[in-house]
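With TSV, N, CA and C atoms inside, this is model.tsv:
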```tsv
chain	number	residue	atom	x	y	z
A	80	MET	N	9.86	-4.69	-9.43
A	80	MET	CA	9.56	-3.44	-10.07
A	80	MET	C	9.12	-3.71	-11.49
A	81	ILE	N	8.08	-3.03	-11.91
A	81	ILE	CA	7.61	-3.19	-13.28
A	81	ILE	C	8.49	-2.36	-14.21
A	82	THR	N	8.89	-2.97	-15.32
A	82	THR	CA	9.74	-2.26	-16.27
A	82	THR	C	8.90	-1.28	-17.08
A	83	PRO	N	9.52	-0.26	-17.64
A	83	PRO	CA	8.77	0.68	-18.47
A	83	PRO	C	8.07	-0.01	-19.64
A	84	GLU	N	8.75	-0.99	-20.24
A	84	GLU	CA	8.15	-1.71	-21.36
A	84	GLU	C	6.87	-2.42	-20.95
A	85	ARG	N	6.93	-3.09	-19.80
A	85	ARG	CA	5.74	-3.81	-19.32
A	85	ARG	C	4.61	-2.84	-18.98
A	86	ALA	N	4.95	-1.69	-18.42
A	86	ALA	CA	3.94	-0.70	-18.08
A	86	ALA	C	3.26	-0.18	-19.34
A	87	LEU	N	4.05	0.15	-20.35
A	87	LEU	CA	3.47	0.64	-21.61
A	87	LEU	C	2.62	-0.43	-22.27
A	88	LEU	N	3.09	-1.66	-22.27
A	88	LEU	CA	2.31	-2.75	-22.87
A	88	LEU	C	1.02	-3.00	-22.10
A	89	ALA	N	1.07	-2.89	-20.78
A	89	ALA	CA	-0.14	-3.09	-19.98
A	89	ALA	C	-1.17	-1.99	-20.26
A	90	ILE	N	-0.72	-0.76	-20.38
A	90	ILE	CA	-1.63	0.35	-20.69
A	90	ILE	C	-2.23	0.13	-22.08
A	91	ARG	N	-1.39	-0.25	-23.04
A	91	ARG	CA	-1.86	-0.52	-24.40
A	91	ARG	C	-2.91	-1.62	-24.41
A	92	GLN	N	-2.63	-2.69	-23.68
A	92	GLN	CA	-3.56	-3.82	-23.60
A	92	GLN	C	-4.90	-3.40	-23.01
A	93	GLU	N	-4.85	-2.60	-21.95
A	93	GLU	CA	-6.09	-2.12	-21.33
A	93	GLU	C	-6.89	-1.24	-22.28
A	94	LEU	N	-6.20	-0.39	-23.02
A	94	LEU	CA	-6.90	0.44	-24.00
A	94	LEU	C	-7.64	-0.43	-25.02
A	95	LEU	N	-6.95	-1.45	-25.52
A	95	LEU	CA	-7.55	-2.29	-26.55
A	95	LEU	C	-8.62	-3.23	-25.99
A	96	ALA	N	-8.41	-3.73	-24.78
A	96	ALA	CA	-9.34	-4.71	-24.22
A	96	ALA	C	-10.54	-4.09	-23.53
A	97	ARG	N	-10.38	-2.94	-22.89
A	97	ARG	CA	-11.47	-2.36	-22.11
A	97	ARG	C	-12.05	-1.08	-22.69
A	98	VAL	N	-11.17	-0.19	-23.10
A	98	VAL	CA	-11.65	1.12	-23.55
A	98	VAL	C	-12.25	1.03	-24.95
A	99	LEU	N	-11.51	0.43	-25.87
A	99	LEU	CA	-11.98	0.37	-27.26
A	99	LEU	C	-13.36	-0.25	-27.41
A	100	PRO	N	-13.64	-1.39	-26.77
A	100	PRO	CA	-14.99	-1.96	-26.91
A	100	PRO	C	-16.10	-1.07	-26.34
A	101	ALA	N	-15.77	-0.23	-25.39
A	101	ALA	CA	-16.79	0.61	-24.75
A	101	ALA	C	-17.06	1.90	-25.52
A	102	VAL	N	-16.18	2.25	-26.45
A	102	VAL	CA	-16.32	3.50	-27.20
A	102	VAL	C	-17.12	3.21	-28.48
A	103	THR	N	-18.16	4.01	-28.69
A	103	THR	CA	-19.00	3.80	-29.88
A	103	THR	C	-18.76	4.83	-30.97
A	104	ASP	N	-18.33	6.01	-30.63
A	104	ASP	CA	-18.07	7.06	-31.61
A	104	ASP	C	-16.85	6.69	-32.45
A	105	GLN	N	-16.99	6.74	-33.76
A	105	GLN	CA	-15.90	6.32	-34.64
A	105	GLN	C	-14.64	7.18	-34.50
A	106	ARG	N	-14.83	8.47	-34.31
A	106	ARG	CA	-13.66	9.35	-34.15
A	106	ARG	C	-12.93	9.02	-32.85
A	107	ALA	N	-13.70	8.77	-31.81
A	107	ALA	CA	-13.10	8.41	-30.51
A	107	ALA	C	-12.40	7.06	-30.63
A	108	ARG	N	-13.00	6.12	-31.32
A	108	ARG	CA	-12.38	4.79	-31.51
A	108	ARG	C	-11.05	4.94	-32.26
A	109	SER	N	-11.04	5.82	-33.26
A	109	SER	CA	-9.80	6.05	-34.02
A	109	SER	C	-8.72	6.61	-33.10
A	110	SER	N	-9.11	7.48	-32.19
A	110	SER	CA	-8.14	8.06	-31.25
A	110	SER	C	-7.58	6.99	-30.32
A	111	VAL	N	-8.44	6.08	-29.86
A	111	VAL	CA	-7.98	5.00	-28.98
A	111	VAL	C	-7.02	4.08	-29.73
A	112	VAL	N	-7.36	3.74	-30.97
A	112	VAL	CA	-6.48	2.89	-31.78
A	112	VAL	C	-5.15	3.59	-32.02
A	113	ALA	N	-5.19	4.89	-32.30
A	113	ALA	CA	-3.96	5.66	-32.52
A	113	ALA	C	-3.11	5.68	-31.25
A	114	ALA	N	-3.74	5.89	-30.10
A	114	ALA	CA	-3.01	5.90	-28.83
A	114	ALA	C	-2.36	4.54	-28.57
A	115	ALA	N	-3.08	3.46	-28.86
A	115	ALA	CA	-2.53	2.11	-28.68
A	115	ALA	C	-1.34	1.91	-29.62
A	116	GLY	N	-1.44	2.42	-30.83
A	116	GLY	CA	-0.33	2.32	-31.77
A	116	GLY	C	0.89	3.09	-31.30
A	117	ILE	N	0.67	4.28	-30.78
A	117	ILE	CA	1.77	5.09	-30.26
A	117	ILE	C	2.45	4.38	-29.09
A	118	LEU	N	1.64	3.81	-28.21
A	118	LEU	CA	2.22	3.08	-27.07
A	118	LEU	C	3.05	1.89	-27.56
A	119	GLY	N	2.57	1.21	-28.59
A	119	GLY	CA	3.33	0.09	-29.17
A	119	GLY	C	4.67	0.55	-29.72
A	120	GLU	N	4.70	1.71	-30.35
A	120	GLU	CA	5.95	2.26	-30.88
A	120	GLU	C	6.88	2.72	-29.75
A	121	LEU	N	6.30	3.28	-28.71
A	121	LEU	CA	7.11	3.72	-27.57
A	121	LEU	C	7.85	2.55	-26.91
A	122	VAL	N	7.18	1.40	-26.86
A	122	VAL	CA	7.82	0.22	-26.27
A	122	VAL	C	9.12	-0.08	-27.00
A	123	LEU	N	9.11	0.06	-28.31
A	123	LEU	CA	10.31	-0.24	-29.11
A	123	LEU	C	11.43	0.78	-28.88
A	124	GLN	N	11.09	1.96	-28.41
A	124	GLN	CA	12.08	3.02	-28.22
A	124	GLN	C	12.52	3.16	-26.76
A	125	THR	N	11.94	2.38	-25.88
A	125	THR	CA	12.25	2.49	-24.45
A	125	THR	C	13.49	1.67	-24.13
A	126	ARG	N	14.39	2.28	-23.38
A	126	ARG	CA	15.56	1.56	-22.93
A	126	ARG	C	15.73	1.81	-21.43
A	127	GLU	N	16.35	0.86	-20.78
A	127	GLU	CA	16.58	0.95	-19.34
A	127	GLU	C	17.68	1.96	-19.06
A	128	ASP	N	17.41	2.88	-18.15
A	128	ASP	CA	18.41	3.86	-17.73
A	128	ASP	C	19.02	3.35	-16.43
A	129	ASP	N	20.28	2.92	-16.52
A	129	ASP	CA	20.91	2.36	-15.32
A	129	ASP	C	21.85	3.34	-14.64
A	130	GLU	N	21.75	4.63	-14.99
A	130	GLU	CA	22.57	5.63	-14.32
A	130	GLU	C	22.28	5.65	-12.82
A	131	TRP	N	20.99	5.52	-12.46
A	131	TRP	CA	20.63	5.49	-11.05
A	131	TRP	C	21.25	4.28	-10.36
A	132	ALA	N	21.33	3.14	-11.07
A	132	ALA	CA	21.90	1.93	-10.48
A	132	ALA	C	23.38	2.11	-10.21
A	133	ALA	N	24.07	2.85	-11.07
A	133	ALA	CA	25.50	3.10	-10.85
A	133	ALA	C	25.71	3.93	-9.59
A	134	ARG	N	24.88	4.98	-9.42
A	134	ARG	CA	24.98	5.80	-8.20
A	134	ARG	C	24.64	4.96	-6.97
A	135	SER	N	23.59	4.17	-7.07
A	135	SER	CA	23.18	3.33	-5.95
A	135	SER	C	24.27	2.33	-5.60
A	136	ALA	N	24.82	1.67	-6.63
A	136	ALA	CA	25.87	0.68	-6.38
A	136	ALA	C	27.07	1.32	-5.70
A	137	GLU	N	27.44	2.50	-6.17
A	137	GLU	CA	28.59	3.20	-5.57
A	137	GLU	C	28.34	3.52	-4.10
A	138	GLN	N	27.15	4.01	-3.79
A	138	GLN	CA	26.82	4.35	-2.40
A	138	GLN	C	26.78	3.09	-1.52
A	139	LEU	N	26.16	2.04	-2.04
A	139	LEU	CA	26.08	0.79	-1.27
A	139	LEU	C	27.47	0.17	-1.08
A	140	GLU	N	28.28	0.18	-2.15
A	140	GLU	CA	29.63	-0.37	-2.04
A	140	GLU	C	30.48	0.42	-1.05
A	141	THR	N	30.30	1.74	-1.03
A	141	THR	CA	31.04	2.58	-0.06
A	141	THR	C	30.66	2.18	1.36
A	142	ALA	N	29.36	1.99	1.59
A	142	ALA	CA	28.91	1.59	2.93
A	142	ALA	C	29.45	0.21	3.29
A	143	VAL	N	29.38	-0.74	2.36
A	143	VAL	CA	29.88	-2.10	2.61
A	143	VAL	C	31.38	-2.04	2.94
A	144	HIS	N	32.12	-1.25	2.19
A	144	HIS	CA	33.56	-1.10	2.45
A	144	HIS	C	33.79	-0.51	3.85
A	145	ARG	N	33.02	0.51	4.20
A	145	ARG	CA	33.14	1.14	5.52
A	145	ARG	C	32.86	0.11	6.63
A	146	TRP	N	31.80	-0.67	6.45
A	146	TRP	CA	31.46	-1.67	7.47
A	146	TRP	C	32.53	-2.75	7.55
A	147	ARG	N	33.07	-3.12	6.41
A	147	ARG	CA	34.11	-4.15	6.39
A	147	ARG	C	35.37	-3.65	7.12
A	148	GLU	N	35.73	-2.39	6.87
A	148	GLU	CA	36.94	-1.81	7.49
A	148	GLU	C	36.78	-1.65	9.00
A	149	ALA	N	35.58	-1.27	9.44
A	149	ALA	CA	35.38	-0.96	10.86
A	149	ALA	C	34.85	-2.13	11.67
A	150	GLY	N	34.39	-3.15	10.98
A	150	GLY	CA	33.67	-4.21	11.67
A	150	GLY	C	34.53	-5.34	12.18
A	151	PRO	N	33.98	-6.09	13.11
A	151	PRO	CA	34.67	-7.29	13.59
A	151	PRO	C	34.64	-8.39	12.51
A	152	GLU	N	35.25	-9.48	12.80
A	152	GLU	CA	35.37	-10.59	11.84
A	152	GLU	C	34.01	-11.05	11.30
A	153	ILE	N	32.98	-11.09	12.15
A	153	ILE	CA	31.67	-11.56	11.66
A	153	ILE	C	31.13	-10.65	10.58
A	154	VAL	N	31.42	-9.36	10.69
A	154	VAL	CA	30.98	-8.40	9.67
A	154	VAL	C	31.73	-8.67	8.37
A	155	CYS	N	33.03	-8.80	8.46
A	155	CYS	CA	33.86	-9.02	7.26
A	155	CYS	C	33.47	-10.31	6.55
A	156	THR	N	33.26	-11.36	7.30
A	156	THR	CA	32.87	-12.64	6.72
A	156	THR	C	31.52	-12.55	6.04
A	157	ALA	N	30.57	-11.89	6.67
A	157	ALA	CA	29.24	-11.76	6.10
A	157	ALA	C	29.25	-10.94	4.82
A	158	LEU	N	30.16	-9.97	4.72
A	158	LEU	CA	30.20	-9.08	3.56
A	158	LEU	C	30.96	-9.67	2.38
A	159	ASP	N	31.68	-10.76	2.59
A	159	ASP	CA	32.43	-11.36	1.49
A	159	ASP	C	31.47	-11.92	0.45
A	160	SER	N	31.82	-11.71	-0.82
A	160	SER	CA	31.00	-12.21	-1.92
A	160	SER	C	31.15	-13.72	-2.03
A	161	PRO	N	30.04	-14.46	-2.15
A	161	PRO	CA	30.14	-15.91	-2.28
A	161	PRO	C	30.94	-16.32	-3.52
A	162	SER	N	30.80	-15.57	-4.61
A	162	SER	CA	31.49	-15.94	-5.84
A	162	SER	C	32.91	-15.38	-5.89
A	163	GLY	N	33.15	-14.32	-5.11
A	163	GLY	CA	34.48	-13.72	-5.07
A	163	GLY	C	34.75	-12.73	-6.20
A	164	THR	N	33.84	-12.64	-7.16
A	164	THR	CA	34.04	-11.69	-8.26
A	164	THR	C	32.89	-10.69	-8.27
A	165	ALA	N	33.24	-9.45	-8.59
A	165	ALA	CA	32.23	-8.40	-8.64
A	165	ALA	C	31.64	-8.33	-10.04
A	166	PRO	N	30.31	-8.20	-10.16
A	166	PRO	CA	29.68	-8.07	-11.47
A	166	PRO	C	30.12	-6.76	-12.15
A	167	ALA	N	30.08	-6.75	-13.47
A	167	ALA	CA	30.56	-5.60	-14.23
A	167	ALA	C	29.50	-4.52	-14.42
A	168	THR	N	28.24	-4.89	-14.49
A	168	THR	CA	27.20	-3.89	-14.77
A	168	THR	C	26.80	-3.16	-13.50
A	169	PRO	N	26.32	-1.92	-13.62
A	169	PRO	CA	25.86	-1.20	-12.43
A	169	PRO	C	24.76	-1.96	-11.68
A	170	SER	N	23.81	-2.51	-12.43
A	170	SER	CA	22.73	-3.26	-11.77
A	170	SER	C	23.27	-4.49	-11.05
A	171	GLY	N	24.23	-5.17	-11.67
A	171	GLY	CA	24.84	-6.35	-11.04
A	171	GLY	C	25.62	-5.99	-9.79
A	172	ARG	N	26.35	-4.87	-9.86
A	172	ARG	CA	27.09	-4.39	-8.69
A	172	ARG	C	26.14	-4.05	-7.56
A	173	ARG	N	25.02	-3.42	-7.92
A	173	ARG	CA	24.03	-3.03	-6.91
A	173	ARG	C	23.45	-4.27	-6.23
A	174	VAL	N	23.08	-5.25	-7.04
A	174	VAL	CA	22.53	-6.49	-6.49
A	174	VAL	C	23.54	-7.17	-5.58
A	175	ALA	N	24.81	-7.22	-6.00
A	175	ALA	CA	25.85	-7.85	-5.18
A	175	ALA	C	26.00	-7.12	-3.84
A	176	ALA	N	25.96	-5.79	-3.87
A	176	ALA	CA	26.08	-5.02	-2.63
A	176	ALA	C	24.88	-5.27	-1.73
A	177	LEU	N	23.68	-5.30	-2.31
A	177	LEU	CA	22.49	-5.57	-1.50
A	177	LEU	C	22.51	-6.98	-0.92
A	178	GLU	N	23.03	-7.94	-1.67
A	178	GLU	CA	23.16	-9.31	-1.15
A	178	GLU	C	24.14	-9.34	0.03
A	179	ALA	N	25.21	-8.57	-0.06
A	179	ALA	CA	26.17	-8.49	1.05
A	179	ALA	C	25.50	-7.90	2.29
A	180	VAL	N	24.71	-6.87	2.09
A	180	VAL	CA	23.98	-6.25	3.21
A	180	VAL	C	23.01	-7.27	3.81
A	181	GLU	N	22.34	-8.01	2.96
A	181	GLU	CA	21.40	-9.03	3.44
A	181	GLU	C	22.12	-10.08	4.28
A	182	ARG	N	23.28	-10.55	3.81
A	182	ARG	CA	24.05	-11.53	4.59
A	182	ARG	C	24.50	-10.95	5.92
A	183	LEU	N	24.90	-9.68	5.89
A	183	LEU	CA	25.35	-9.02	7.13
A	183	LEU	C	24.22	-8.93	8.14
A	184	VAL	N	23.05	-8.49	7.70
A	184	VAL	CA	21.91	-8.36	8.63
A	184	VAL	C	21.53	-9.73	9.19
A	185	ALA	N	21.49	-10.74	8.33
A	185	ALA	CA	21.16	-12.10	8.81
A	185	ALA	C	22.17	-12.55	9.86
A	186	ARG	N	23.45	-12.25	9.62
A	186	ARG	CA	24.49	-12.65	10.58
A	186	ARG	C	24.38	-11.86	11.88
A	187	LEU	N	24.10	-10.57	11.77
A	187	LEU	CA	23.97	-9.74	12.98
A	187	LEU	C	22.82	-10.22	13.86
A	188	TRP	N	21.73	-10.63	13.23
A	188	TRP	CA	20.57	-11.06	14.03
A	188	TRP	C	20.78	-12.41	14.68
A	189	GLN	N	21.85	-13.11	14.29
A	189	GLN	CA	22.20	-14.37	14.97
A	189	GLN	C	23.01	-14.11	16.23
A	190	GLU	N	23.54	-12.92	16.35
A	190	GLU	CA	24.35	-12.55	17.51
A	190	GLU	C	23.44	-12.33	18.72
A	191	PRO	N	23.91	-12.70	19.92
A	191	PRO	CA	23.11	-12.47	21.13
A	191	PRO	C	22.85	-10.98	21.36
A	192	GLU	N	23.85	-10.15	21.07
A	192	GLU	CA	23.70	-8.70	21.22
A	192	GLU	C	24.26	-8.03	19.97
A	193	PRO	N	23.43	-7.91	18.93
A	193	PRO	CA	23.92	-7.28	17.70
A	193	PRO	C	24.25	-5.81	17.92
A	194	SER	N	25.13	-5.30	17.12
A	194	SER	CA	25.53	-3.90	17.22
A	194	SER	C	24.38	-3.01	16.74
A	195	MET	N	23.77	-2.32	17.69
A	195	MET	CA	22.65	-1.44	17.34
A	195	MET	C	23.12	-0.27	16.48
A	196	GLU	N	24.35	0.18	16.72
A	196	GLU	CA	24.90	1.28	15.92
A	196	GLU	C	25.05	0.85	14.46
A	197	LEU	N	25.58	-0.35	14.24
A	197	LEU	CA	25.73	-0.86	12.89
A	197	LEU	C	24.37	-1.08	12.22
A	198	LEU	N	23.42	-1.64	12.95
A	198	LEU	CA	22.08	-1.84	12.40
A	198	LEU	C	21.43	-0.50	12.03
A	199	ARG	N	21.63	0.50	12.86
A	199	ARG	CA	21.10	1.83	12.58
A	199	ARG	C	21.73	2.40	11.30
A	200	ASP	N	23.04	2.22	11.16
A	200	ASP	CA	23.73	2.69	9.98
A	200	ASP	C	23.24	1.96	8.73
A	201	ILE	N	23.03	0.67	8.84
A	201	ILE	CA	22.51	-0.12	7.72
A	201	ILE	C	21.13	0.40	7.31
A	202	ARG	N	20.26	0.63	8.29
A	202	ARG	CA	18.92	1.17	7.99
A	202	ARG	C	19.02	2.52	7.29
A	203	THR	N	19.94	3.37	7.75
A	203	THR	CA	20.11	4.70	7.16
A	203	THR	C	20.54	4.58	5.69
A	204	VAL	N	21.49	3.70	5.42
A	204	VAL	CA	21.98	3.51	4.05
A	204	VAL	C	20.87	2.95	3.16
A	205	LEU	N	20.14	1.95	3.66
A	205	LEU	CA	19.08	1.35	2.85
A	205	LEU	C	17.92	2.33	2.64
A	206	ARG	N	17.66	3.15	3.63
A	206	ARG	CA	16.59	4.16	3.48
A	206	ARG	C	16.98	5.19	2.41
A	207	ALA	N	18.23	5.61	2.41
A	207	ALA	CA	18.70	6.56	1.40
A	207	ALA	C	18.61	5.93	0.01
A	208	ASP	N	18.94	4.64	-0.09
A	208	ASP	CA	18.84	3.94	-1.38
A	208	ASP	C	17.39	3.87	-1.83
A	209	LEU	N	16.49	3.56	-0.91
A	209	LEU	CA	15.07	3.51	-1.24
A	209	LEU	C	14.55	4.88	-1.67
A	210	ASP	N	14.97	5.93	-0.99
A	210	ASP	CA	14.56	7.28	-1.38
A	210	ASP	C	14.98	7.60	-2.81
A	211	GLU	N	16.19	7.17	-3.20
A	211	GLU	CA	16.66	7.39	-4.57
A	211	GLU	C	15.80	6.62	-5.56
A	212	GLN	N	15.42	5.40	-5.22
A	212	GLN	CA	14.55	4.61	-6.10
A	212	GLN	C	13.19	5.29	-6.25
A	213	LEU	N	12.65	5.78	-5.15
A	213	LEU	CA	11.33	6.40	-5.19
A	213	LEU	C	11.33	7.66	-6.03
A	214	LYS	N	12.45	8.38	-6.08
A	214	LYS	CA	12.53	9.57	-6.92
A	214	LYS	C	12.32	9.22	-8.39
A	215	ARG	N	12.72	8.02	-8.78
A	215	ARG	CA	12.58	7.59	-10.17
A	215	ARG	C	11.14	7.32	-10.56
A	216	ILE	N	10.32	6.94	-9.61
A	216	ILE	CA	8.96	6.51	-9.96
A	216	ILE	C	7.90	7.52	-9.57
A	217	ARG	N	8.29	8.62	-8.99
A	217	ARG	CA	7.30	9.63	-8.59
A	217	ARG	C	7.23	10.73	-9.61
```
Can I see the file as structure tokens?
Amino acid sequence: MITPERALLAIRQELLARVLPAVTDQRARSSVVAAAGILGELVLQTREDDEWAARSAEQLETAVHRWREAGPEIVCTALDSPSGTAPATPSGRRVAALEAVERLVARLWQEPEPSMELLRDIRTVLRADLDEQLKRIR
């Protein structure tokens, strides 16, 4: 995912590299330079909003806990964290939960007859997480 800072810098760069050379009117050129300056200032004021990551981490962790409680040993083993410690930041917690889901899916697909109900539930949880991400960028 492109960060807001990178997006603003890319737009600024395009303005300076492509738009400015093509503009001949001095007033228009001044406007392009001003817009590039504003974008440069916005980059300095942009911060990452991880509130969405906290909600996502909580939902993913709830699902992982549910699968661990209801699942057979292969599920529990796959969901165990390799490091054994949970990250403190919302983004770190989210990544750890997604890694657990990834290990679980990999383990399920090694089974001769994976639980279709569990796979369906995993898809539902991941789809809901993706929908939340898409709300942020639309």
Please return, as an MDAnalysis selection string, all residues of chain A that DSSP assigns to helix (DSSP H, G or I) on the basis of the backbone. chainID A and resid 83:101 105:124 130:149 152:158 169:187 195:216
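Atom pair atom C of Asp159 in chain A / atom C of Asp210 in chain A: separated by 25.8 Å.
For the atom pair formed by CA of Lys214 in chain A and CA of Thr168 in chain A, the distance is 21.4 Å, given to one decimal.
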Where's the centre, and what are the edge lengths in Å to one decimal, of a box along x, y and z enclosing all listed atoms of range 137-156 of chain A padded 8 Å per side, as JSON?
```
{"center_x": 31.5, "center_y": -4.1, "center_z": 3.7, "size_x": 26.9, "size_y": 33.0, "size_z": 35.8}
```
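With CA of Val184 in chain A on one side and CA of Glu148 in chain A on the other, the separation reads 16.4 Å.
The residue that comes closest to Ile201 in chain A, out of A:Arg173, A:Ala136, A:Gln189, A:Ala142 and on the basis of only C-alpha atoms, is A:Ala142.
Considering the residues A:Ala207, A:Ala107, A:Gln212, A:Gly116 and counting only N, CA and C atoms, Arg91 in chain A has its shortest atom-to-atom contact with A:Gly116.
Across A:Leu99, A:Val143, A:Met195, A:Ile81, the tightest approach to Ala176 in chain A is made by A:Val143 when counting only C-alpha atoms.
When all atoms listed in the file are used to measure the gap to Ala132 in chain A, the shortest distance among A:Arg145, A:Arg106, A:Arg85, A:Arg172 belongs to A:Arg172.
Of the residues under consideration (A:Ile117, A:Leu209, A:Leu183, A:Ala89), A:Leu183 shows the shortest atom-to-atom contact distance to Pro151 in chain A when counting only C-alpha atoms.
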